[in-house]
$ cat start.txt   # compact mmCIF, C-alpha atoms
# COMPACT_ATOMS: atom_id res chain seq x y z
CA MET A 1 -0.02 27.49 2.40
CA ARG A 2 -2.95 27.12 4.77
CA PRO A 3 -6.43 28.04 3.42
CA ILE A 4 -6.75 31.03 5.75
CA ALA A 5 -3.50 32.41 4.37
CA ALA A 6 -4.70 31.70 0.84
CA LEU A 7 -7.75 33.88 1.49
CA ALA A 8 -5.69 36.79 2.64
CA ALA A 9 -4.50 38.44 -0.58
CA LEU A 10 -7.78 38.35 -2.47
CA SER A 11 -8.89 41.93 -2.08
CA LEU A 12 -5.45 43.41 -2.65
CA LEU A 13 -4.99 41.47 -5.88
CA LEU A 14 -8.48 42.19 -7.17
CA LEU A 15 -8.52 45.93 -6.39
CA PRO A 16 -7.86 48.34 -9.27
CA PRO A 17 -4.98 50.82 -9.02
CA ALA A 18 -5.38 53.73 -6.63
CA ASP A 19 -6.04 56.25 -9.40
CA ALA A 20 -8.81 54.04 -10.78
CA ARG A 21 -10.35 53.78 -7.32
CA ALA A 22 -10.23 57.56 -6.96
CA ALA A 23 -12.08 57.90 -10.26
CA ASP A 24 -14.80 55.66 -8.82
CA GLY A 25 -15.22 57.94 -5.82
CA ASP A 26 -12.80 56.50 -3.27
CA ASP A 27 -11.27 59.93 -2.66
CA ALA A 28 -14.74 61.26 -1.84
CA GLY A 29 -15.05 58.79 1.01
CA GLY A 30 -17.39 56.35 -0.74
CA ALA A 31 -16.64 52.72 -1.56
CA PRO A 32 -16.29 51.87 -5.28
CA PRO A 33 -19.04 49.83 -6.90
CA PRO A 34 -18.66 46.15 -5.96
CA ALA A 35 -18.14 45.22 -9.63
CA ALA A 36 -14.94 47.26 -9.67
CA TRP A 37 -13.21 44.93 -7.25
CA LEU A 38 -15.08 41.67 -7.91
CA ALA A 39 -14.58 41.62 -11.67
CA ASP A 40 -11.83 38.98 -11.49
CA LEU A 41 -14.04 36.45 -9.76
CA PRO A 42 -14.52 33.56 -9.63
CA ALA A 43 -10.89 32.67 -9.01
CA VAL A 44 -8.80 29.86 -7.56
CA SER A 45 -5.92 30.34 -5.14
CA ASP A 46 -2.52 29.56 -6.61
CA ASP A 47 -2.19 26.45 -4.43
CA GLY A 48 -5.53 25.20 -5.78
CA SER A 49 -7.11 24.89 -2.34
CA ILE A 50 -9.76 27.65 -2.37
CA VAL A 51 -12.22 29.07 -4.90
CA ALA A 52 -13.50 32.61 -4.31
CA LEU A 53 -16.70 33.82 -5.98
CA ALA A 54 -19.23 36.63 -6.02
CA ASN A 55 -22.59 35.19 -5.06
CA HIS A 56 -25.60 37.32 -5.99
CA GLU A 57 -28.01 35.56 -3.65
CA SER A 58 -31.72 35.94 -4.38
CA LEU A 59 -33.94 36.75 -1.42
CA GLY A 60 -36.89 34.86 -2.83
CA ALA A 61 -40.27 36.27 -3.80
CA ARG A 62 -39.24 39.83 -2.82
CA GLY A 63 -37.03 40.11 -5.89
CA ASP A 64 -34.12 41.55 -3.87
CA GLU A 65 -30.64 40.09 -3.66
CA ARG A 66 -27.60 40.40 -1.48
CA LEU A 67 -24.01 40.26 -2.66
CA LEU A 68 -21.78 37.74 -0.92
CA LEU A 69 -18.08 37.03 -1.27
CA ASP A 70 -17.87 33.27 -0.78
CA PHE A 71 -14.83 31.02 -0.31
CA ILE A 72 -15.21 27.31 -1.05
CA ASP A 73 -12.69 24.65 -0.05
CA VAL A 74 -11.85 22.68 -3.19
CA ALA A 75 -11.16 19.32 -1.55
CA SER A 76 -14.40 19.20 0.44
CA ASP A 77 -16.71 21.43 -1.66
CA ARG A 78 -17.50 23.23 1.59
CA LEU A 79 -18.13 26.92 2.19
CA VAL A 80 -15.38 27.99 4.56
CA ARG A 81 -15.86 31.75 4.67
CA ARG A 82 -18.44 34.34 3.66
CA ILE A 83 -18.24 38.13 3.58
CA ILE A 84 -21.52 40.02 3.17
CA VAL A 85 -20.78 42.86 0.75
CA SER A 86 -24.32 44.22 0.53
CA ASP A 87 -27.64 43.23 2.10
CA PRO A 88 -30.90 45.19 1.62
CA ASP A 89 -32.10 43.94 5.01
CA HIS A 90 -29.03 45.41 6.74
CA PRO A 91 -27.91 48.48 4.77
CA GLU A 92 -25.98 49.76 7.76
CA SER A 93 -23.49 46.90 7.32
CA GLN A 94 -22.47 48.00 3.81
CA ALA A 95 -20.28 50.88 4.98
CA GLY A 96 -17.58 48.53 6.28
CA ALA A 97 -17.98 45.78 3.69
CA GLU A 98 -15.14 46.84 1.42
CA ALA A 99 -12.84 47.39 4.40
CA LYS A 100 -13.65 43.91 5.65
CA ALA A 101 -12.89 42.42 2.24
CA ARG A 102 -9.60 44.34 2.07
CA ALA A 103 -8.73 43.03 5.52
CA VAL A 104 -8.47 39.52 4.07
CA LEU A 105 -4.72 39.91 3.67
CA GLY A 106 -1.98 37.52 2.63
CA GLU A 107 0.66 36.61 0.14
CA THR A 108 -0.97 34.26 -2.33
CA HIS A 109 -1.91 34.74 -5.96
CA TRP A 110 -5.39 34.25 -7.45
CA VAL A 111 -6.10 32.93 -10.94
CA LYS A 112 -9.37 33.88 -12.63
CA LEU A 113 -11.45 30.90 -13.77
CA HIS A 114 -12.38 30.49 -17.43
CA LYS A 115 -16.12 30.75 -18.07
CA LEU A 116 -17.65 27.99 -20.18
CA ASP A 117 -20.36 28.39 -22.79
CA VAL A 118 -23.77 27.15 -21.63
CA ARG A 119 -26.61 25.91 -23.83
CA GLU A 120 -29.63 23.65 -23.49
CA ASP A 121 -28.77 19.94 -23.29
CA PRO A 122 -30.64 18.39 -26.25
CA GLY A 123 -30.32 14.90 -24.78
CA ALA A 124 -31.64 15.80 -21.34
CA PRO A 125 -35.19 14.73 -20.48
CA TRP A 126 -37.96 17.29 -20.14
CA ARG A 127 -38.97 17.59 -16.50
CA GLN A 128 -41.98 19.14 -14.86
CA GLY A 129 -41.48 20.83 -11.51
CA GLY A 130 -44.23 22.43 -9.46
CA VAL A 131 -46.28 24.93 -11.49
CA SER A 132 -43.48 25.91 -13.89
CA ALA A 133 -43.25 24.95 -17.54
CA PRO A 134 -41.34 21.75 -18.42
CA ALA A 135 -37.61 22.37 -18.51
CA ARG A 136 -34.39 20.72 -19.64
CA SER A 137 -30.99 21.04 -18.03
CA ASN A 138 -28.00 22.61 -19.77
CA LEU A 139 -24.62 21.61 -21.14
CA ALA A 140 -21.46 23.66 -20.57
CA SER A 141 -18.46 23.45 -22.87
CA GLY A 142 -15.11 25.12 -23.43
CA GLY A 143 -11.48 24.73 -22.50
CA GLY A 144 -11.50 21.16 -23.79
CA LEU A 145 -14.35 20.15 -21.49
CA GLU A 146 -18.02 19.27 -21.73
CA VAL A 147 -20.01 19.45 -18.50
CA GLN A 148 -23.35 17.68 -18.15
CA TYR A 149 -25.73 17.73 -15.20
CA ARG A 150 -28.88 15.66 -15.35
CA GLU A 151 -29.96 15.73 -11.74
CA PRO A 152 -28.51 13.95 -9.81
CA ALA A 153 -25.94 12.67 -12.34
CA PHE A 154 -22.95 14.93 -13.00
CA ALA A 155 -20.31 14.29 -15.65
CA VAL A 156 -17.27 16.07 -17.05
CA ARG A 157 -15.76 14.83 -20.33
CA ASP A 158 -12.47 15.70 -21.99
CA THR A 159 -13.51 16.61 -25.53
CA THR A 160 -10.03 15.89 -26.94
CA SER A 161 -9.69 12.34 -25.63
CA SER A 162 -13.43 11.68 -25.06
CA ALA A 163 -12.44 10.37 -21.63
CA ASP A 164 -14.69 10.85 -18.61
CA LEU A 165 -12.90 12.96 -16.01
CA VAL A 166 -15.84 12.85 -13.59
CA ARG A 167 -19.00 10.77 -13.66
CA LYS A 168 -20.96 10.39 -10.43
CA LYS A 169 -24.29 11.06 -8.79
CA GLN A 170 -24.52 14.13 -6.59
CA PRO A 171 -27.64 13.60 -4.42
CA THR A 172 -26.58 16.27 -1.93
CA TRP A 173 -26.84 18.92 -4.65
CA SER A 174 -30.62 18.48 -4.82
CA HIS A 175 -33.14 20.26 -2.60
CA ARG A 176 -35.90 18.23 -0.99
CA ALA A 177 -39.59 18.95 -0.81
CA GLY A 178 -40.61 20.89 2.29
CA THR A 179 -41.78 24.19 3.69
CA ARG A 180 -40.02 27.44 2.84
CA CYS A 181 -41.12 29.18 6.05
CA PRO A 182 -42.70 28.28 9.41
CA GLY A 183 -46.35 27.36 8.96
CA CYS A 184 -46.19 27.49 5.16
CA ASP A 185 -47.49 24.82 2.79
CA VAL A 186 -45.24 21.91 1.84
CA CYS A 187 -43.61 22.67 -1.51
CA PRO A 188 -42.47 20.11 -4.09
CA ALA A 189 -38.76 19.58 -4.60
CA PRO A 190 -37.39 22.17 -7.04
CA LEU A 191 -35.60 21.00 -10.17
CA ALA A 192 -31.86 21.74 -10.28
CA ILE A 193 -30.36 22.96 -13.58
CA LEU A 194 -26.78 23.77 -14.54
CA ALA A 195 -26.76 27.56 -14.92
CA GLU A 196 -23.06 28.45 -15.33
CA ALA A 197 -19.66 26.76 -15.13
CA TRP A 198 -16.05 27.92 -14.86
CA THR A 199 -12.78 26.03 -14.84
CA ASP A 200 -9.00 26.16 -14.57
CA ARG A 201 -7.47 23.03 -16.05
CA LEU A 202 -3.99 23.74 -14.69
CA HIS A 203 -5.30 23.67 -11.11
CA GLY A 204 -7.80 20.89 -11.80
CA VAL A 205 -10.80 22.91 -10.62
CA LEU A 206 -14.35 23.29 -11.95
CA LEU A 207 -17.00 25.55 -10.41
CA ALA A 208 -20.66 24.82 -11.19
CA GLU A 209 -23.56 27.16 -10.48
CA LEU A 210 -26.97 25.49 -10.13
CA SER A 211 -30.26 27.31 -10.48
CA PHE A 212 -33.67 25.95 -9.55
CA THR A 213 -37.07 25.95 -11.21
CA GLY A 214 -40.55 24.75 -10.32
CA GLY A 215 -41.56 27.45 -7.87
CA SER A 216 -44.63 29.61 -7.39
CA ASP A 217 -45.69 32.68 -5.41
CA ILE A 218 -45.81 30.61 -2.22
CA CYS A 219 -43.17 28.03 -3.15
CA TRP A 220 -40.35 30.19 -4.43
CA GLU A 221 -37.16 28.64 -5.71
CA PRO A 222 -34.11 28.52 -3.44
CA PRO A 223 -31.16 30.77 -4.33
CA ASP A 224 -28.51 29.41 -6.69
CA ASP A 225 -26.00 26.95 -5.28
CA PHE A 226 -22.28 26.76 -6.10
CA HIS A 227 -20.24 23.56 -6.07
CA VAL A 228 -16.55 22.92 -6.68
CA VAL A 229 -15.42 19.71 -8.38
CA GLU A 230 -11.83 18.51 -8.56
CA LEU A 231 -10.55 17.49 -12.00
CA PRO A 232 -7.31 15.80 -13.04
CA PRO A 233 -4.95 18.70 -13.81
CA THR A 234 -3.62 19.05 -17.34
CA PHE A 235 -0.11 18.52 -15.95
CA PRO A 236 1.34 18.49 -12.42
CA HIS A 237 1.13 21.91 -10.81
CA PRO A 238 4.39 22.92 -9.08
$ encode --input "start.txt" --output "structure tokens"
Amino acid sequence: MRPIAALAALSLLLLPPADARAADGDDAGGAPPPAAWLADLPAVSDDGSIVALANHESLGARGDERLLLDFIDVASDRLVRRIIVSDPDHPESQAGAEAKARAVLGETHWVKLHKLDVREDPGAPWRQGGVSAPARSNLASGGGLEVQYREPAFAVRDTTSSADLVRKKQPTWSHRAGTRCPGCDVCPAPLAILAEAWTDRLHGVLLAELSFTGGSDICWEPPDDFHVVELPPTFPHP
């Protein structure tokens, strides 16, 4: 199935039953809270080609955020589609957001990813970024995996066999030093830290969320990034 077809059934499969939607106010003409129909994210399409996720994107020093429905191609780790669900800068666009999400129609099935446990990585070096306090990166574990990210090195280990499933440097995941706005001061490169991770071993997919530290009032951190990594599946997927 082509990726565009794989995107199509997302909203239908994630929506609660009609009576549940009515209880949330659908029969009064208002859209249900986004959490009611994004609760099963992140998820992978049944053919393993697309990961869909709810991205609560920070708008920097203002403290606001916008809610995005993002679709990432698994093979290329590339964002292939984005639906803006809510945006404080454009509140007028929110009225049609749910309808737009529901319009992503199709016939595929979506499988919710398993969230891993995240804790501080005791073996990671302490790093100093900008004006923030020294920080370490995190480890994620669960589902027979241990995920380590010590920028730029990324590794995934099978905890049963102790075999490395992935071990490579990911320089494109890092943000460079530079200005955050026209005419602003040059800011140091923020430090990337593993914030969350999800997986589905059957489909051979791992989703990593990276957060950033080292900012200040004039050099705020960039919003979190999401990356998809292919893993060897636990057994061939039909």
$ atom_distance --input "start.txt" --atom1 "atom CA of Cys187 of chain A" --atom2 "atom CA of Pro222 of chain A"
11.3 Å
$ atom_distance --input "start.txt" --atom1 "atom CA of Arg82 of chain A" --atom2 "atom CA of Glu209 of chain A"
16.7 Å
$ axis_aligned_box --input "start.txt" --around "segment 168-184 of chain A" --padding-each-side "4 Å" --output "JSON"
{"center_x": -33.7, "center_y": 19.8, "center_z": -0.5, "size_x": 33.4, "size_y": 26.8, "size_z": 27.8}
$ residues_around --input "start.txt" --residues "segment 111-123 of chain A" --least-positions-apart "2" --cutoff "7 Å" --atoms "all atoms listed in the file" --output "list in words"
Asp40, Leu41, Pro42, Ala43, Val44, Ser45, Asp46, His109, Pro125, Arg136, Ser137, Asn138, Leu139, Ala140, Ser141, Gly142, Glu196, Ala197, Trp198, Thr199 and Asp200 of chain A
$ atom_distance --input "start.txt" --atom1 "atom CA of His56 of chain A" --atom2 "atom CA of Val205 of chain A"
21.2 Å
$ residues_around --input "start.txt" --residues "Ser76 of chain A" --least-positions-apart "6" --cutoff "10 Å" --atoms "all atoms listed in the file" --output "PyMOL selection string"
chain A and resi 49+227-230
$ residues_around --input "start.txt" --residues "segment 64-71 of chain A" --least-positions-apart "2" --cutoff "8 Å" --atoms "all atoms listed in the file" --output "list in words"
Leu7, Ile50, Val51, Ala52, Leu53, Ala54, Asn55, His56, Glu57, Ser58, Leu59, Gly60, Arg62, Asp73, Leu79, Val80, Arg81, Arg82, Ile83, Ile84, Val85, Ser86, Asp87 and Pro88 of chain A
$ closest_residue --input "start.txt" --among "A:His175, A:Arg127, A:Arg201, A:Arg167" --to "Leu145 of chain A" --atoms "only C-alpha atoms"
A:Arg201
$ closest_residue --input "start.txt" --among "A:Leu194, A:Gln128, A:Asp224, A:Lys100" --to "Phe154 of chain A" --atoms "all atoms listed in the file"
A:Leu194
